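Here is the file protein11.cif (mmCIF, C-alpha atoms).
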data_data
#
loop_
_atom_site.group_PDB
_atom_site.id
_atom_site.type_symbol
_atom_site.label_atom_id
_atom_site.label_comp_id
_atom_site.auth_asym_id
_atom_site.auth_seq_id
_atom_site.Cartn_x
_atom_site.Cartn_y
_atom_site.Cartn_z
ATOM 1 C CA MET U 1 29.416 88.837 11.938
ATOM 2 C CA SER U 2 32.471 90.606 10.478
ATOM 3 C CA ASN U 3 33.587 87.333 8.878
ATOM 4 C CA ILE U 4 30.171 86.873 7.290
ATOM 5 C CA LEU U 5 30.213 90.415 5.924
ATOM 6 C CA GLU U 6 33.725 89.979 4.560
ATOM 7 C CA ARG U 7 32.779 86.769 2.807
ATOM 8 C CA SER U 8 29.614 88.334 1.400
ATOM 9 C CA PHE U 9 31.563 91.196 -0.132
ATOM 10 C CA LYS U 10 34.126 88.759 -1.526
ATOM 11 C CA VAL U 11 31.324 86.899 -3.297
ATOM 12 C CA LEU U 12 29.818 90.117 -4.705
ATOM 13 C CA GLU U 13 33.196 91.431 -5.880
ATOM 14 C CA HIS U 14 34.038 88.103 -7.522
ATOM 15 C CA LEU U 15 30.714 87.886 -9.328
ATOM 16 C CA ALA U 16 31.120 91.505 -10.495
ATOM 17 C CA VAL U 17 33.979 90.460 -12.791
ATOM 18 C CA HIS U 18 32.176 87.319 -13.982
ATOM 19 C CA PRO U 19 28.920 88.547 -15.557
ATOM 20 C CA GLU U 20 28.259 85.094 -16.970
ATOM 21 C CA GLY U 21 27.962 83.838 -13.417
ATOM 22 C CA LYS U 22 29.757 81.178 -11.430
ATOM 23 C CA ALA U 23 28.824 77.730 -10.202
ATOM 24 C CA ILE U 24 28.674 77.386 -6.429
ATOM 25 C CA SER U 25 31.534 74.877 -6.513
ATOM 26 C CA SER U 26 33.714 77.337 -8.465
ATOM 27 C CA LEU U 27 32.969 80.148 -6.035
ATOM 28 C CA SER U 28 33.801 77.920 -3.107
ATOM 29 C CA THR U 29 37.139 76.895 -4.632
ATOM 30 C CA GLU U 30 38.198 80.275 -6.021
ATOM 31 C CA LEU U 31 37.316 82.154 -2.822
ATOM 32 C CA ASP U 32 38.680 79.436 -0.545
ATOM 33 C CA MET U 33 35.408 79.096 1.380
ATOM 34 C CA PRO U 34 33.662 75.940 2.570
ATOM 35 C CA LEU U 35 30.940 74.790 0.196
ATOM 36 C CA SER U 36 28.310 74.903 2.941
ATOM 37 C CA ALA U 37 29.216 78.489 3.892
ATOM 38 C CA THR U 38 29.176 79.540 0.233
ATOM 39 C CA HIS U 39 25.710 78.026 -0.167
ATOM 40 C CA ARG U 40 24.376 79.888 2.887
ATOM 41 C CA LEU U 41 25.819 83.208 1.707
ATOM 42 C CA LEU U 42 24.370 82.814 -1.783
ATOM 43 C CA ALA U 43 20.984 81.945 -0.317
ATOM 44 C CA GLU U 44 21.007 85.132 1.800
ATOM 45 C CA LEU U 45 22.261 87.298 -1.053
ATOM 46 C CA SER U 46 19.544 85.844 -3.272
ATOM 47 C CA ARG U 47 16.903 86.526 -0.635
ATOM 48 C CA CYS U 48 18.068 90.162 -0.433
ATOM 49 C CA GLY U 49 17.927 90.527 -4.211
ATOM 50 C CA TYR U 50 21.648 90.940 -4.947
ATOM 51 C CA VAL U 51 22.239 87.527 -6.516
ATOM 52 C CA ARG U 52 20.127 85.184 -8.609
ATOM 53 C CA GLN U 53 20.576 81.656 -9.867
ATOM 54 C CA GLU U 54 20.336 81.326 -13.637
ATOM 55 C CA HIS U 55 18.214 78.178 -13.313
ATOM 56 C CA SER U 56 17.969 75.208 -11.043
ATOM 57 C CA GLN U 57 21.508 73.933 -10.397
ATOM 58 C CA GLY U 58 22.838 76.745 -12.626
ATOM 59 C CA ASN U 59 25.345 79.532 -12.174
ATOM 60 C CA TYR U 60 24.897 82.322 -9.654
ATOM 61 C CA MET U 61 25.178 85.886 -10.980
ATOM 62 C CA LEU U 62 24.628 89.421 -9.788
ATOM 63 C CA THR U 63 21.267 91.077 -10.287
ATOM 64 C CA ILE U 64 20.969 94.668 -11.448
ATOM 65 C CA LYS U 65 20.381 95.834 -7.863
ATOM 66 C CA LEU U 66 24.030 96.710 -7.163
ATOM 67 C CA VAL U 67 24.259 98.596 -10.452
ATOM 68 C CA SER U 68 21.091 100.484 -9.581
ATOM 69 C CA LEU U 69 22.514 101.460 -6.192
ATOM 70 C CA GLY U 70 25.748 102.728 -7.770
ATOM 71 C CA LEU U 71 24.000 104.707 -10.488
ATOM 72 C CA GLY U 72 21.557 106.122 -7.973
ATOM 73 C CA PHE U 73 24.429 107.262 -5.771
ATOM 74 C CA LEU U 74 26.245 108.949 -8.672
ATOM 75 C CA SER U 75 23.045 110.680 -9.768
ATOM 76 C CA ALA U 76 22.254 111.951 -6.267
ATOM 77 C CA SER U 77 25.857 113.132 -5.769
ATOM 78 C CA GLY U 78 25.583 115.673 -8.582
ATOM 79 C CA ILE U 79 28.718 114.389 -10.304
ATOM 80 C CA VAL U 80 26.957 113.917 -13.644
ATOM 81 C CA ASP U 81 25.523 117.450 -13.667
ATOM 82 C CA ILE U 82 28.888 118.993 -12.808
ATOM 83 C CA ALA U 83 31.307 116.874 -14.802
ATOM 84 C CA GLN U 84 29.521 115.494 -17.851
ATOM 85 C CA PRO U 85 29.347 118.728 -19.900
ATOM 86 C CA LEU U 86 33.070 119.324 -19.332
ATOM 87 C CA LEU U 87 33.961 115.730 -20.198
ATOM 88 C CA ASP U 88 31.795 115.909 -23.328
ATOM 89 C CA ARG U 89 33.532 119.104 -24.431
ATOM 90 C CA LEU U 90 37.011 117.633 -23.967
ATOM 91 C CA ALA U 91 35.990 114.409 -25.733
ATOM 92 C CA GLY U 92 34.722 116.418 -28.679
ATOM 93 C CA GLU U 93 37.929 118.429 -28.879
ATOM 94 C CA SER U 94 40.246 115.433 -28.515
ATOM 95 C CA GLY U 95 38.219 112.912 -30.482
ATOM 96 C CA GLU U 96 39.128 110.275 -27.883
ATOM 97 C CA LEU U 97 37.824 108.651 -24.719
ATOM 98 C CA VAL U 98 37.757 111.030 -21.739
ATOM 99 C CA ARG U 99 37.209 109.760 -18.206
ATOM 100 C CA LEU U 100 36.875 111.151 -14.704
ATOM 101 C CA GLY U 101 38.457 109.257 -11.826
ATOM 102 C CA VAL U 102 37.707 110.076 -8.189
ATOM 103 C CA VAL U 103 40.123 109.584 -5.288
ATOM 104 C CA ASP U 104 38.698 107.448 -2.506
ATOM 105 C CA GLY U 105 41.210 106.754 0.245
ATOM 106 C CA ASP U 106 44.139 104.919 -1.342
ATOM 107 C CA GLU U 107 42.265 104.150 -4.555
ATOM 108 C CA LEU U 108 41.352 105.912 -7.766
ATOM 109 C CA THR U 109 38.157 104.822 -9.522
ATOM 110 C CA PHE U 110 36.634 105.942 -12.816
ATOM 111 C CA VAL U 111 33.045 107.154 -12.360
ATOM 112 C CA ALA U 112 32.174 109.029 -15.578
ATOM 113 C CA LYS U 113 33.240 109.112 -19.214
ATOM 114 C CA ALA U 114 32.619 110.675 -22.624
ATOM 115 C CA GLN U 115 33.509 109.063 -25.947
ATOM 116 C CA GLY U 116 34.852 111.432 -28.598
ATOM 117 C CA ALA U 117 35.798 108.869 -31.245
ATOM 118 C CA LEU U 118 32.990 108.876 -33.828
ATOM 119 C CA ARG U 119 34.556 106.327 -36.149
ATOM 120 C CA GLY U 120 37.453 103.902 -36.345
ATOM 121 C CA LEU U 121 38.934 102.177 -33.308
ATOM 122 C CA ARG U 122 37.288 103.167 -30.029
ATOM 123 C CA TYR U 123 39.102 102.624 -26.763
ATOM 124 C CA ASP U 124 36.616 101.974 -23.971
ATOM 125 C CA PRO U 125 37.816 99.777 -21.072
ATOM 126 C CA ASP U 126 35.676 98.762 -18.143
ATOM 127 C CA MET U 127 34.434 101.438 -15.755
ATOM 128 C CA GLY U 128 34.162 101.238 -12.000
ATOM 129 C CA LEU U 129 37.379 99.328 -11.429
ATOM 130 C CA SER U 130 40.172 100.509 -9.187
ATOM 131 C CA VAL U 131 42.946 102.056 -11.308
ATOM 132 C CA ASN U 132 46.391 100.461 -11.328
ATOM 133 C CA LEU U 133 48.536 103.355 -10.131
ATOM 134 C CA SER U 134 51.951 102.314 -11.446
ATOM 135 C CA CYS U 135 50.852 101.521 -15.013
ATOM 136 C CA SER U 136 48.250 104.157 -15.866
ATOM 137 C CA ALA U 137 48.213 107.822 -16.854
ATOM 138 C CA ALA U 138 45.638 108.492 -14.135
ATOM 139 C CA GLY U 139 47.818 106.843 -11.510
ATOM 140 C CA HIS U 140 50.912 108.764 -12.580
ATOM 141 C CA ALA U 141 49.031 112.082 -12.509
ATOM 142 C CA TRP U 142 47.922 111.444 -8.928
ATOM 143 C CA LEU U 143 51.206 109.997 -7.670
ATOM 144 C CA ALA U 144 53.185 112.926 -9.116
ATOM 145 C CA THR U 145 51.416 115.308 -6.714
ATOM 146 C CA MET U 146 52.947 113.445 -3.755
ATOM 147 C CA SER U 147 56.479 113.075 -2.503
ATOM 148 C CA ASP U 148 58.372 110.098 -3.893
ATOM 149 C CA GLU U 149 58.096 108.397 -0.499
ATOM 150 C CA GLN U 150 54.315 108.811 -0.350
ATOM 151 C CA ALA U 151 53.871 107.672 -3.935
ATOM 152 C CA LEU U 152 56.006 104.553 -3.476
ATOM 153 C CA ALA U 153 54.198 103.666 -0.249
ATOM 154 C CA LEU U 154 50.886 103.771 -2.111
ATOM 155 C CA VAL U 155 52.206 101.695 -5.000
ATOM 156 C CA SER U 156 53.792 99.154 -2.646
ATOM 157 C CA ARG U 157 50.403 98.511 -1.060
ATOM 158 C CA GLN U 158 48.800 97.943 -4.452
ATOM 159 C CA GLY U 159 51.751 96.336 -6.204
ATOM 160 C CA PHE U 160 53.204 96.841 -9.680
ATOM 161 C CA GLY U 161 51.083 94.110 -11.178
ATOM 162 C CA GLN U 162 52.154 91.445 -13.623
ATOM 163 C CA PRO U 163 54.112 92.728 -16.683
ATOM 164 C CA GLN U 164 52.140 90.490 -19.045
ATOM 165 C CA ASP U 165 48.936 92.255 -18.035
ATOM 166 C CA PHE U 166 50.108 95.658 -19.311
ATOM 167 C CA GLY U 167 51.963 97.223 -22.231
ATOM 168 C CA PRO U 168 55.628 96.686 -23.134
ATOM 169 C CA ASN U 169 56.651 100.027 -21.583
ATOM 170 C CA ALA U 170 54.993 99.459 -18.203
ATOM 171 C CA PRO U 171 57.353 100.357 -15.342
ATOM 172 C CA THR U 172 58.313 97.323 -13.294
ATOM 173 C CA THR U 173 60.865 98.934 -10.990
ATOM 174 C CA VAL U 174 60.930 101.849 -8.577
ATOM 175 C CA LYS U 175 63.507 103.654 -10.730
ATOM 176 C CA ALA U 176 61.351 103.400 -13.862
ATOM 177 C CA LEU U 177 58.228 104.599 -12.043
ATOM 178 C CA LEU U 178 60.015 107.589 -10.478
ATOM 179 C CA ALA U 179 61.245 108.618 -13.940
ATOM 180 C CA HIS U 180 57.619 108.737 -15.130
ATOM 181 C CA LEU U 181 56.587 110.799 -12.111
ATOM 182 C CA GLU U 182 59.398 113.307 -12.607
ATOM 183 C CA THR U 183 58.389 113.824 -16.237
ATOM 184 C CA THR U 184 54.778 114.283 -15.143
ATOM 185 C CA ARG U 185 55.754 116.976 -12.634
ATOM 186 C CA LEU U 186 57.704 118.848 -15.304
ATOM 187 C CA HIS U 187 54.799 118.919 -17.750
ATOM 188 C CA GLY U 188 51.915 119.293 -15.287
ATOM 189 C CA PHE U 189 50.192 116.230 -16.737
ATOM 190 C CA SER U 190 51.143 112.610 -17.362
ATOM 191 C CA ARG U 191 51.705 110.980 -20.758
ATOM 192 C CA ILE U 192 52.155 107.273 -21.332
ATOM 193 C CA VAL U 193 52.740 105.258 -24.502
ATOM 194 C CA GLU U 194 52.093 101.499 -24.524
ATOM 195 C CA VAL U 195 52.215 101.391 -20.747
ATOM 196 C CA PHE U 196 48.684 100.378 -19.753
ATOM 197 C CA ALA U 197 48.100 98.359 -22.929
ATOM 198 C CA PRO U 198 49.940 97.607 -26.196
ATOM 199 C CA GLY U 199 49.179 100.073 -28.976
ATOM 200 C CA MET U 200 47.463 102.534 -26.626
ATOM 201 C CA SER U 201 48.486 105.896 -25.207
ATOM 202 C CA ALA U 202 46.973 108.159 -22.579
ATOM 203 C CA MET U 203 47.396 111.400 -20.690
ATOM 204 C CA ALA U 204 45.967 112.670 -17.404
ATOM 205 C CA ALA U 205 45.932 115.646 -15.054
ATOM 206 C CA PRO U 206 44.856 115.929 -11.406
ATOM 207 C CA ILE U 207 41.881 117.895 -10.095
ATOM 208 C CA ARG U 208 42.966 119.943 -7.121
ATOM 209 C CA ARG U 209 41.405 122.818 -5.188
ATOM 210 C CA GLY U 210 44.263 125.250 -4.491
ATOM 211 C CA ASN U 211 46.976 123.519 -2.504
ATOM 212 C CA GLY U 212 44.572 120.955 -1.096
ATOM 213 C CA PRO U 213 44.641 117.214 -1.773
ATOM 214 C CA VAL U 214 43.847 115.809 -5.191
ATOM 215 C CA ILE U 215 40.138 114.988 -5.467
ATOM 216 C CA GLY U 216 40.194 113.337 -8.863
ATOM 217 C CA VAL U 217 41.851 112.929 -12.243
ATOM 218 C CA VAL U 218 40.777 113.504 -15.851
ATOM 219 C CA THR U 219 42.235 111.277 -18.558
ATOM 220 C CA ILE U 220 42.306 111.166 -22.343
ATOM 221 C CA ALA U 221 43.050 107.757 -23.861
ATOM 222 C CA GLY U 222 43.133 106.315 -27.353
ATOM 223 C CA PRO U 223 45.056 104.281 -29.913
ATOM 224 C CA LEU U 224 48.678 105.319 -30.406
ATOM 225 C CA MET U 225 48.180 105.785 -34.145
ATOM 226 C CA ARG U 226 45.904 108.765 -33.324
ATOM 227 C CA LEU U 227 46.965 109.861 -29.845
ATOM 228 C CA THR U 228 50.634 110.432 -30.602
ATOM 229 C CA GLU U 229 53.171 112.223 -28.401
ATOM 230 C CA ALA U 230 52.695 115.385 -30.472
ATOM 231 C CA ARG U 231 48.901 115.134 -30.230
ATOM 232 C CA MET U 232 49.073 114.719 -26.452
ATOM 233 C CA GLU U 233 51.320 117.765 -26.171
ATOM 234 C CA ALA U 234 48.801 119.788 -28.186
ATOM 235 C CA LEU U 235 45.896 118.625 -26.012
ATOM 236 C CA GLY U 236 47.677 119.540 -22.763
ATOM 237 C CA PRO U 237 46.128 123.024 -22.381
ATOM 238 C CA ALA U 238 42.585 121.726 -22.974
ATOM 239 C CA LEU U 239 43.099 118.927 -20.447
ATOM 240 C CA LEU U 240 44.430 121.329 -17.813
ATOM 241 C CA GLN U 241 41.588 123.766 -18.445
ATOM 242 C CA THR U 242 39.063 120.977 -17.855
ATOM 243 C CA THR U 243 40.632 119.968 -14.538
ATOM 244 C CA GLN U 244 40.741 123.606 -13.413
ATOM 245 C CA GLU U 245 37.049 124.083 -14.208
ATOM 246 C CA LEU U 246 36.170 120.868 -12.399
ATOM 247 C CA ALA U 247 38.114 122.046 -9.356
ATOM 248 C CA MET U 248 36.214 125.349 -9.349
ATOM 249 C CA THR U 249 32.788 123.697 -9.671
ATOM 250 C CA SER U 250 33.497 120.664 -7.446
ATOM 251 C CA SER U 251 31.639 122.148 -4.476
ATOM 252 C CA GLY U 252 28.428 121.570 -6.444
ATOM 253 C CA SER U 253 28.863 117.793 -6.137
ATOM 254 C CA ALA U 254 28.746 115.992 -2.809
ATOM 255 C CA LEU U 255 31.012 113.304 -4.236
ATOM 256 C CA LEU U 256 33.770 115.764 -5.164
ATOM 257 C CA LYS U 257 33.204 118.247 -2.348
ATOM 258 C CA ASN U 258 33.831 115.640 0.315
ATOM 259 C CA ARG U 259 37.068 114.298 -1.207
ATOM 260 C CA GLY U 260 40.325 114.929 0.618
#

Output the file's structure as structure tokens, nothing else.
Amino acid sequence: MSNILERSFKVLEHLAVHPEGKAISSLSTELDMPLSATHRLLAELSRCGYVRQEHSQGNYMLTIKLVSLGLGFLSASGIVDIAQPLLDRLAGESGELVRLGVVDGDELTFVAKAQGALRGLRYDPDMGLSVNLSCSAAGHAWLATMSDEQALALVSRQGFGQPQDFGPNAPTTVKALLAHLETTRLHGFSRIVEVFAPGMSAMAAPIRRGNGPVIGVVTIAGPLMRLTEARMEALGPALLQTTQELAMTSSGSALLKNRG
């Protein structure tokens, strides 16, 4: 049974990053599963309403059911009521994309956002994906609250990632990452320039109740031509104020209250 469940989740997670769908043969090959087992899993997932086939002999793709479950969970958790007004305010002040990431075990996942850019280039990457800790402002903000040993243990489990997938300044060694974390501790918030992606910069600060564990992170991200080093320095107080207010009101959300 555990093997069936594991394979089912592998199929769902794979289809989640391929909205155009996948042929059964491709799923079988890419997930290293027998074709017959893949067919049985897709048939069961289709019966339960999580997967549909585009047409006879066509690609399999996710239905909206998983999205509905996720949105329903976020709505019931109270996270939108608590966080959205604060994110909207910070987005309006910064004029950039503001996001809230929530700590869940060893992972950090973005669950809410507010777009402050009204014109020009808008930076708006995918939501709901696990954050790469070594190459993101959000990851640095969280890791900097730990000891170097704890932070490196977490990164070693996730990995540094492939350099070609990030910006030219992405840290690829332990020494480079620790330098970023030390700078973050000195300032109280992280700042990165062309680390996560070329031409982009970002900053982030942790949400923490007193001396307890970090429950989440707030980020501001945008194109480097607007979100310069000087601009990030100027936005630091507003970012920290937002995380402090979220920490104080976090008990109003089941999702944040139960973190840590």

* Structure fact -> With distances taken over all atoms listed in the file, the candidate from U:Ser190, U:Ser156, U:Ser46, U:Ser26 nearest Thr63 (chain U) is U:Ser46

* **d(CA of Leu186 (chain U), CA of Thr145 (chain U)) in Å** => 11.2 Å

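Taking CA of Ala138 (chain U) as the reference point, CA of Met203 (chain U) is found at 7.4 Å.
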
* How would you write, as JSON, numbers by chain, the residues chosen by the PyMOL selection byres ((chain U and resi 115) around 7) on this structure? -> {"U": [91, 96, 97, 98, 113, 114, 116, 117]}

* To do: Expand the PyMOL selection byres ((chain U and resi 139) around 10) into the individual residues it matches in the shown file, reporting them as a VMD selection string.
  => chain U and resid 101 107 to 108 131 to 138 140 to 144 151 155 181 190 204 to 206 217
